[in-house]
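Shown here: upload_35.txt, compact mmCIF, C-alpha atoms.
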# COMPACT_ATOMS: atom_id res chain seq x y z
CA MET S 165 110.87 93.70 133.30
CA ILE S 166 107.84 92.86 135.41
CA LYS S 167 104.50 93.70 133.84
CA ILE S 168 100.80 93.04 134.38
CA THR S 169 98.71 94.04 131.40
CA GLU S 170 95.46 93.52 129.54
CA GLU S 171 97.38 93.57 126.26
CA ASP S 172 98.77 90.50 124.54
CA PHE S 173 102.55 90.26 124.28
CA LYS S 174 104.97 89.50 121.46
CA ILE S 175 106.95 86.42 122.45
CA ASP S 176 109.66 86.88 119.81
CA GLU S 177 110.33 90.44 121.00
CA MET S 178 110.73 89.27 124.58
CA ILE S 179 113.15 86.52 123.55
CA TRP S 180 115.10 88.97 121.40
CA LYS S 181 115.46 91.33 124.40
CA ALA S 182 116.90 88.45 126.45
CA LYS S 183 119.79 87.98 124.04
CA HIS S 184 123.01 89.10 125.70
CA PRO S 185 126.66 88.46 124.88
CA ASP S 186 127.06 86.48 128.13
CA ALA S 187 123.90 84.41 127.57
CA GLY S 188 124.14 80.91 126.14
CA ALA S 189 120.53 79.93 126.82
CA VAL S 190 117.10 81.54 126.89
CA VAL S 191 114.33 79.45 128.47
CA THR S 192 110.70 80.55 128.21
CA PHE S 193 107.53 79.45 129.93
CA LEU S 194 104.29 80.35 128.17
CA GLY S 195 101.07 79.75 130.05
CA ILE S 196 97.93 79.64 127.88
CA VAL S 197 94.21 79.09 128.50
CA ARG S 198 93.39 75.36 128.46
CA ASP S 199 90.00 74.18 127.26
CA ASP S 200 88.63 72.45 130.35
CA ASP S 201 85.13 72.64 128.88
CA ILE S 202 85.30 76.40 129.17
CA VAL S 203 84.85 79.24 126.70
CA GLY S 204 87.31 81.55 128.39
CA MET S 205 88.73 82.91 131.57
CA GLU S 206 88.79 86.12 133.56
CA ILE S 207 92.01 86.98 135.34
CA GLU S 208 92.06 89.46 138.19
CA ALA S 209 95.01 90.93 140.10
CA TYR S 210 95.75 93.06 143.11
CA THR S 211 98.04 94.79 140.69
CA LYS S 212 100.12 96.94 143.03
CA ARG S 213 100.94 94.03 145.31
CA ALA S 214 101.26 91.51 142.48
CA ILE S 215 103.99 93.61 140.86
CA GLN S 216 105.69 93.96 144.23
CA GLU S 217 105.62 90.19 144.85
CA LEU S 218 106.77 89.37 141.32
CA GLY S 219 109.65 91.76 141.88
CA ARG S 220 110.60 89.87 145.05
CA ILE S 221 110.48 86.54 143.21
CA ARG S 222 112.60 87.98 140.41
CA ASP S 223 115.19 89.26 142.93
CA GLU S 224 115.26 85.85 144.65
CA ALA S 225 115.84 84.09 141.34
CA LEU S 226 118.62 86.52 140.39
CA ASP S 227 120.29 85.78 143.75
CA ARG S 228 119.92 82.01 143.51
CA PHE S 229 120.78 81.40 139.87
CA ASP S 230 123.37 82.66 137.42
CA LEU S 231 121.16 84.68 135.07
CA THR S 232 121.68 87.42 132.50
CA SER S 233 118.00 88.46 132.44
CA LEU S 234 114.61 87.58 133.86
CA ASP S 235 111.35 89.04 132.54
CA VAL S 236 107.75 88.26 133.48
CA ILE S 237 104.52 89.41 131.82
CA HIS S 238 101.12 88.32 133.17
CA ARG S 239 97.85 89.24 131.53
CA ILE S 240 94.62 90.23 133.24
CA GLY S 241 91.09 90.64 131.88
CA THR S 242 88.99 88.31 129.75
CA LEU S 243 90.84 85.68 127.71
CA ALA S 244 89.67 82.99 125.29
CA VAL S 245 90.83 79.38 124.99
CA SER S 246 94.47 79.24 123.79
CA ASP S 247 95.09 82.91 124.55
CA ASN S 248 98.39 83.78 126.20
CA ILE S 249 98.25 84.21 130.00
CA LEU S 250 101.82 84.41 131.17
CA LEU S 251 105.32 84.62 129.75
CA ILE S 252 108.52 84.06 131.72
CA VAL S 253 111.82 84.56 129.91
CA CYS S 254 115.08 83.57 131.62
CA GLY S 255 118.45 84.26 130.03
CA ALA S 256 121.56 82.61 131.45
CA PRO S 257 125.12 81.68 130.49
CA HIS S 258 124.13 78.00 130.77
CA ARG S 259 120.86 76.11 130.25
CA LYS S 260 120.58 74.55 133.71
CA ASP S 261 120.28 77.91 135.47
CA ALA S 262 117.81 79.14 132.84
CA PHE S 263 115.58 76.06 133.20
CA THR S 264 115.74 75.99 137.00
CA ALA S 265 115.09 79.72 137.37
CA CYS S 266 112.11 79.53 135.02
CA GLU S 267 110.60 76.71 137.07
CA TYR S 268 111.32 78.57 140.32
CA VAL S 269 109.50 81.68 139.09
CA ILE S 270 106.34 79.87 137.92
CA ASP S 271 106.17 77.74 141.10
CA GLU S 272 106.52 80.76 143.40
CA LEU S 273 104.16 82.89 141.30
CA LYS S 274 101.40 80.31 141.62
CA GLU S 275 101.70 80.29 145.40
CA ARG S 276 102.47 83.91 146.27
CA VAL S 277 101.30 86.47 143.72
CA PRO S 278 97.81 87.89 144.39
CA MET S 279 96.04 86.96 141.16
CA TRP S 280 92.94 84.87 140.54
CA LYS S 281 91.29 83.05 137.64
CA LYS S 282 87.60 82.59 136.96
CA GLU S 283 86.67 79.98 134.40
CA LEU S 284 83.81 80.91 132.08
CA SER S 285 81.69 78.13 130.61
CA GLU S 286 78.37 77.93 128.83
CA ASP S 287 76.81 76.74 132.10
CA GLY S 288 78.16 79.62 134.18
CA CYS S 289 81.43 80.40 135.87
CA ARG S 290 83.63 79.27 138.75
CA TRP S 291 86.70 80.56 140.57
CA VAL S 292 89.78 78.36 140.28
CA GLU S 293 90.82 77.12 143.72
CA GLY S 294 94.14 78.61 144.66
CA ALA S 295 97.17 77.53 146.67
CA MET S 296 97.06 77.91 150.43
CA LYS S 297 100.61 79.22 150.90
CA GLU S 298 100.69 82.57 152.64
CA THR S 299 101.18 85.68 150.55
CA ARG S 300 103.55 88.07 152.30
CA MET I 157 88.68 106.16 157.11
CA ILE I 158 90.05 102.72 156.20
CA LYS I 159 90.12 101.68 152.57
CA VAL I 160 89.03 98.05 152.15
CA LYS I 161 89.79 96.27 148.89
CA ALA I 162 88.30 92.85 148.15
CA PHE I 163 89.35 90.52 145.35
CA ALA I 164 88.02 87.52 143.41
CA ARG I 165 85.05 85.82 145.08
CA PHE I 166 85.33 88.12 148.10
CA ARG I 167 84.91 91.10 145.73
CA GLU I 168 81.63 89.57 144.62
CA VAL I 169 80.50 89.58 148.26
CA PHE I 170 81.76 92.94 149.54
CA GLY I 171 82.28 94.97 146.36
CA LYS I 172 85.62 96.04 144.92
CA GLU I 173 86.45 98.85 147.30
CA LEU I 174 84.76 100.45 150.26
CA GLY I 175 85.57 103.01 152.92
CA VAL I 176 84.99 102.21 156.58
CA GLU I 177 85.00 104.86 159.31
CA LEU I 178 86.98 103.91 162.40
CA ASP I 179 85.03 103.77 165.61
CA GLY I 180 87.61 103.88 168.38
CA LYS I 181 90.19 101.10 168.68
CA THR I 182 89.56 98.71 165.80
CA THR I 183 91.34 95.46 165.00
CA VAL I 184 91.28 93.47 161.78
CA VAL I 185 88.79 90.98 163.20
CA ASP I 186 86.57 93.85 164.40
CA LEU I 187 86.61 95.28 160.90
CA LEU I 188 85.73 91.94 159.30
CA THR I 189 82.99 91.21 161.80
CA GLY I 190 81.45 94.60 161.02
CA LEU I 191 81.76 94.05 157.28
CA CYS I 192 80.30 90.54 157.29
CA ALA I 193 77.01 91.39 159.00
CA PRO I 194 75.43 93.57 156.27
CA HIS I 195 76.75 91.26 153.52
CA ASP I 196 75.62 88.04 155.21
CA ALA I 197 79.20 86.83 154.83
CA HIS I 198 80.00 85.55 158.31
CA ASP I 199 80.24 81.91 157.21
CA ILE I 200 82.54 82.80 154.33
CA ILE I 201 85.09 84.83 156.30
CA LEU I 202 84.78 83.90 159.98
CA ASP I 203 84.80 80.57 161.81
CA GLU I 204 82.40 79.44 164.53
CA SER I 205 84.45 81.10 167.27
CA GLY I 206 84.57 84.42 165.42
CA GLY I 207 88.16 83.99 164.20
CA ILE I 208 89.29 84.49 160.62
CA LYS I 209 89.16 81.37 158.45
CA LYS I 210 92.53 80.02 157.33
CA TYR I 211 91.93 80.50 153.62
CA VAL I 212 91.19 84.21 154.05
CA ASN I 213 94.26 86.33 153.29
CA ILE I 214 94.42 89.79 154.81
CA LEU I 215 97.05 92.41 153.97
CA VAL I 216 97.31 95.68 155.88
CA ASN I 217 99.24 98.24 153.85
CA GLY I 218 100.72 95.37 151.83
CA ARG I 219 101.83 93.25 154.80
CA HIS I 220 100.17 89.95 155.64
CA ILE I 221 98.57 90.08 159.09
CA GLN I 222 100.49 86.93 160.06
CA SER I 223 103.64 89.09 160.02
CA LEU I 224 101.84 91.72 162.13
CA SER I 225 99.58 90.80 165.07
CA GLY I 226 97.22 88.49 163.19
CA ALA I 227 93.50 89.07 163.67
CA GLN I 228 94.30 91.45 166.52
CA THR I 229 96.31 93.80 164.30
CA GLU I 230 95.16 97.32 165.13
CA LEU I 231 94.08 99.58 162.31
CA ALA I 232 94.72 103.29 161.95
CA ASP I 233 93.13 106.01 159.89
CA GLY I 234 94.32 105.81 156.27
CA ASP I 235 95.21 102.10 156.35
CA GLU I 236 94.53 99.97 153.27
CA VAL I 237 93.16 96.51 154.05
CA ALA I 238 93.02 93.88 151.30
CA ILE I 239 90.90 90.72 151.61
CA PHE I 240 91.35 87.85 149.20
CA PRO I 241 91.12 84.06 148.85
CA PRO I 242 94.14 81.80 148.09
CA VAL I 243 95.95 83.02 145.00
CA ALA I 244 95.64 81.27 141.65
CA GLY I 245 97.68 83.05 139.00
CA GLY I 246 99.91 81.56 136.32
Please express what this file holds, its structure, as structure tokens.
Amino acid sequence: MIKITEEDFKIDEMIWKAKHPDAGAVVTFLGIVRDDDIVGMEIEAYTKRAIQELGRIRDEALDRFDLTSLDVIHRIGTLAVSDNILLIVCGAPHRKDAFTACEYVIDELKERVPMWKKELSEDGCRWVEGAMKETR
Amino acid sequence: MIKVKAFARFREVFGKELGVELDGKTTVVDLLTGLCAPHDAHDIILDESGGIKKYVNILVNGRHIQSLSGAQTELADGDEVAIFPPVAGG
């Protein structure tokens, strides 16, 4: 599943869905809002293209690694400190593929998926500088 | 009519979405040059020689212009052009 949503997600439900008779490991990455002297964050997406690019990354990971499942949920909208931003759940027969695939997805997402973060502080706001790698 | 979508700090300059009427043969850099003037955005989007700055990402119908003909990519009626800064999700 690839999803971009304003709603929060239930981590335990996503992990439960990743359980499969052939899976021996489920690795998750949870990104949350860090308090860098901010009160919150706004996340914006070019949703149509972000879903398309996330789908490409998912397909690449499924080709490269031995996985039983790979799900990604990314939130948009206004979030507070410690709110959930992103959840990646990788199921695999063995832990190494699950760990490596999870890292592959977050690294590629940060460089390729058209999404942006604006930090909100009591003094104002600022856009987070993004990666320079070309989005396809 | 070309649909132009701008995101993040470029959205704050141009607005979220706007329609631009084609006036004869129009390339991506023609479109941007025309858009920048009324928004006083030349220095944000274009370099001193009138080219597109490296950090400006442009997609035409979902394809990055670097995989098309770059700044000289020709636009057609009904195209969707997206303008955005380097991505920063996750």
Next item on the list: With a distance cut-off of 10 Å and all atoms listed in the file, select the neighbouring residues of Val216 of chain I, excluding the residue or stretch itself and same-chain residues fewer than 6 positions from it, and output the selection as a VMD selection string.
Entry: chain I and resid 159 to 160 184 224 229 to 231 235 to 239
Next item on the list: Taking only C-alpha atoms into account, report as a PyMOL selection string which residues of chain S lie within 12 Å of chain I.
Entry: chain S and resi 168+193-198+205-218+236-240+248-252+267+269-283+289-300
Next item on the list: May I ask for the distance between atom CA of Ile166 of chain S and atom CA of Leu234 of chain S, given in Å to one decimal place?
Entry: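 Result for atom CA of Ile166 of chain S versus atom CA of Leu234 of chain S: 8.7 Å, one decimal.
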Item checked: One-decimal distance in Å that lies between atom CA of Gly241 of chain S and atom CA of Asp199 of chain S ->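 Separating atom CA of Asp199 of chain S from atom CA of Gly241 of chain S is a distance of 17.1 Å.
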Next item on the list: Would you mind listing what lies within 9 Å of Glu177 of chain I as a PyMOL selection string, with only C-alpha atoms counted and same-chain residues fewer than 4 positions away left out?
Entry: chain I and resi 157-158+233
Checklist line | Two-atom distance - atom CA of Thr189 of chain I, atom CA of Ser225 of chain I (Å) | finding: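 It comes out at 16.9 Å.
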Item checked: Within 12 Å of His198 of chain I using only C-alpha atoms, minus same-chain residues under 2 positions, as a PyMOL selection string -> chain I and resi 166+169-170+185+188-196+200-209
Residue completion, segment 229-240 of chain S, all heavy atoms, as a JSON list (two decimals), keeping the file's coordinate frame:
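Final output, saved to out-v4.json:
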[["chain", "number", "residue", "atom", "x", "y", "z"],
["S", 229, "PHE", "N", 120.30, 82.01, 141.12],
["S", 229, "PHE", "CA", 120.78, 81.40, 139.87],
["S", 229, "PHE", "C", 121.64, 82.39, 139.11],
["S", 229, "PHE", "O", 121.54, 83.60, 139.29],
["S", 229, "PHE", "CB", 119.57, 80.98, 139.02],
["S", 229, "PHE", "CG", 118.57, 80.16, 139.78],
["S", 229, "PHE", "CD1", 117.36, 80.71, 140.18],
["S", 229, "PHE", "CD2", 118.84, 78.85, 140.13],
["S", 229, "PHE", "CE1", 116.43, 79.97, 140.91],
["S", 229, "PHE", "CE2", 117.93, 78.09, 140.86],
["S", 229, "PHE", "CZ", 116.72, 78.65, 141.25],
["S", 230, "ASP", "N", 122.49, 81.83, 138.24],
["S", 230, "ASP", "CA", 123.37, 82.66, 137.42],
["S", 230, "ASP", "C", 122.60, 83.05, 136.15],
["S", 230, "ASP", "O", 122.53, 82.28, 135.20],
["S", 230, "ASP", "CB", 124.64, 81.86, 137.09],
["S", 230, "ASP", "CG", 125.64, 82.69, 136.30],
["S", 230, "ASP", "OD1", 125.48, 83.93, 136.25],
["S", 230, "ASP", "OD2", 126.56, 82.09, 135.72],
["S", 231, "LEU", "N", 122.03, 84.24, 136.17],
["S", 231, "LEU", "CA", 121.16, 84.68, 135.07],
["S", 231, "LEU", "C", 121.70, 85.97, 134.43],
["S", 231, "LEU", "O", 122.34, 86.78, 135.10],
["S", 231, "LEU", "CB", 119.74, 84.95, 135.57],
["S", 231, "LEU", "CG", 119.01, 83.79, 136.25],
["S", 231, "LEU", "CD1", 117.66, 84.28, 136.78],
["S", 231, "LEU", "CD2", 118.82, 82.63, 135.29],
["S", 232, "THR", "N", 121.37, 86.15, 133.17],
["S", 232, "THR", "CA", 121.68, 87.42, 132.50],
["S", 232, "THR", "C", 120.44, 88.30, 132.39],
["S", 232, "THR", "O", 120.54, 89.51, 132.23],
["S", 232, "THR", "CB", 122.26, 87.17, 131.09],
["S", 232, "THR", "OG1", 121.37, 86.28, 130.39],
["S", 232, "THR", "CG2", 123.64, 86.53, 131.18],
["S", 233, "SER", "N", 119.25, 87.68, 132.48],
["S", 233, "SER", "CA", 118.00, 88.46, 132.44],
["S", 233, "SER", "C", 116.85, 87.60, 132.96],
["S", 233, "SER", "O", 116.92, 86.37, 132.93],
["S", 233, "SER", "CB", 117.68, 88.92, 131.01],
["S", 233, "SER", "OG", 117.38, 87.80, 130.20],
["S", 234, "LEU", "N", 115.83, 88.28, 133.42],
["S", 234, "LEU", "CA", 114.61, 87.58, 133.86],
["S", 234, "LEU", "C", 113.43, 88.54, 133.69],
["S", 234, "LEU", "O", 113.38, 89.58, 134.34],
["S", 234, "LEU", "CB", 114.73, 87.13, 135.32],
["S", 234, "LEU", "CG", 113.50, 86.52, 135.99],
["S", 234, "LEU", "CD1", 112.85, 85.47, 135.12],
["S", 234, "LEU", "CD2", 113.89, 85.91, 137.32],
["S", 235, "ASP", "N", 112.51, 88.19, 132.81],
["S", 235, "ASP", "CA", 111.35, 89.04, 132.54],
["S", 235, "ASP", "C", 110.06, 88.24, 132.71],
["S", 235, "ASP", "O", 110.00, 87.06, 132.35],
["S", 235, "ASP", "CB", 111.42, 89.58, 131.10],
["S", 235, "ASP", "CG", 112.65, 90.44, 130.89],
["S", 235, "ASP", "OD1", 112.80, 91.43, 131.62],
["S", 235, "ASP", "OD2", 113.47, 90.10, 130.01],
["S", 236, "VAL", "N", 109.05, 88.91, 133.26],
["S", 236, "VAL", "CA", 107.75, 88.26, 133.48],
["S", 236, "VAL", "C", 106.63, 89.19, 133.04],
["S", 236, "VAL", "O", 106.59, 90.36, 133.44],
["S", 236, "VAL", "CB", 107.54, 87.92, 134.98],
["S", 236, "VAL", "CG1", 106.21, 87.19, 135.18],
["S", 236, "VAL", "CG2", 108.70, 87.10, 135.54],
["S", 237, "ILE", "N", 105.74, 88.67, 132.20],
["S", 237, "ILE", "CA", 104.52, 89.41, 131.82],
["S", 237, "ILE", "C", 103.33, 88.53, 132.13],
["S", 237, "ILE", "O", 103.29, 87.35, 131.74],
["S", 237, "ILE", "CB", 104.49, 89.74, 130.31],
["S", 237, "ILE", "CG1", 105.65, 90.63, 129.92],
["S", 237, "ILE", "CG2", 103.19, 90.44, 129.95],
["S", 237, "ILE", "CD1", 105.62, 91.05, 128.46],
["S", 238, "HIS", "N", 102.34, 89.07, 132.85],
["S", 238, "HIS", "CA", 101.12, 88.32, 133.17],
["S", 238, "HIS", "C", 99.94, 89.15, 132.71],
["S", 238, "HIS", "O", 99.86, 90.33, 133.00],
["S", 238, "HIS", "CB", 101.04, 88.07, 134.67],
["S", 238, "HIS", "CG", 100.16, 86.93, 135.05],
["S", 238, "HIS", "ND1", 98.83, 86.86, 134.67],
["S", 238, "HIS", "CD2", 100.40, 85.81, 135.78],
["S", 238, "HIS", "CE1", 98.31, 85.73, 135.15],
["S", 238, "HIS", "NE2", 99.23, 85.06, 135.82],
["S", 239, "ARG", "N", 99.03, 88.51, 132.00],
["S", 239, "ARG", "CA", 97.85, 89.24, 131.53],
["S", 239, "ARG", "C", 96.71, 89.18, 132.54],
["S", 239, "ARG", "O", 96.61, 88.24, 133.33],
["S", 239, "ARG", "CB", 97.38, 88.65, 130.19],
["S", 239, "ARG", "CG", 98.39, 88.91, 129.07],
["S", 239, "ARG", "CD", 97.91, 88.37, 127.77],
["S", 239, "ARG", "NE", 96.77, 89.13, 127.26],
["S", 239, "ARG", "CZ", 95.98, 88.72, 126.27],
["S", 239, "ARG", "NH1", 96.21, 87.55, 125.70],
["S", 239, "ARG", "NH2", 94.99, 89.47, 125.84],
["S", 240, "ILE", "N", 95.86, 90.20, 132.49],
["S", 240, "ILE", "CA", 94.62, 90.23, 133.24],
["S", 240, "ILE", "C", 93.48, 90.52, 132.26],
["S", 240, "ILE", "O", 93.73, 90.85, 131.10],
["S", 240, "ILE", "CB", 94.64, 91.30, 134.37],
["S", 240, "ILE", "CG1", 95.03, 92.68, 133.80],
["S", 240, "ILE", "CG2", 95.58, 90.90, 135.48],
["S", 240, "ILE", "CD1", 94.95, 93.80, 134.82]]
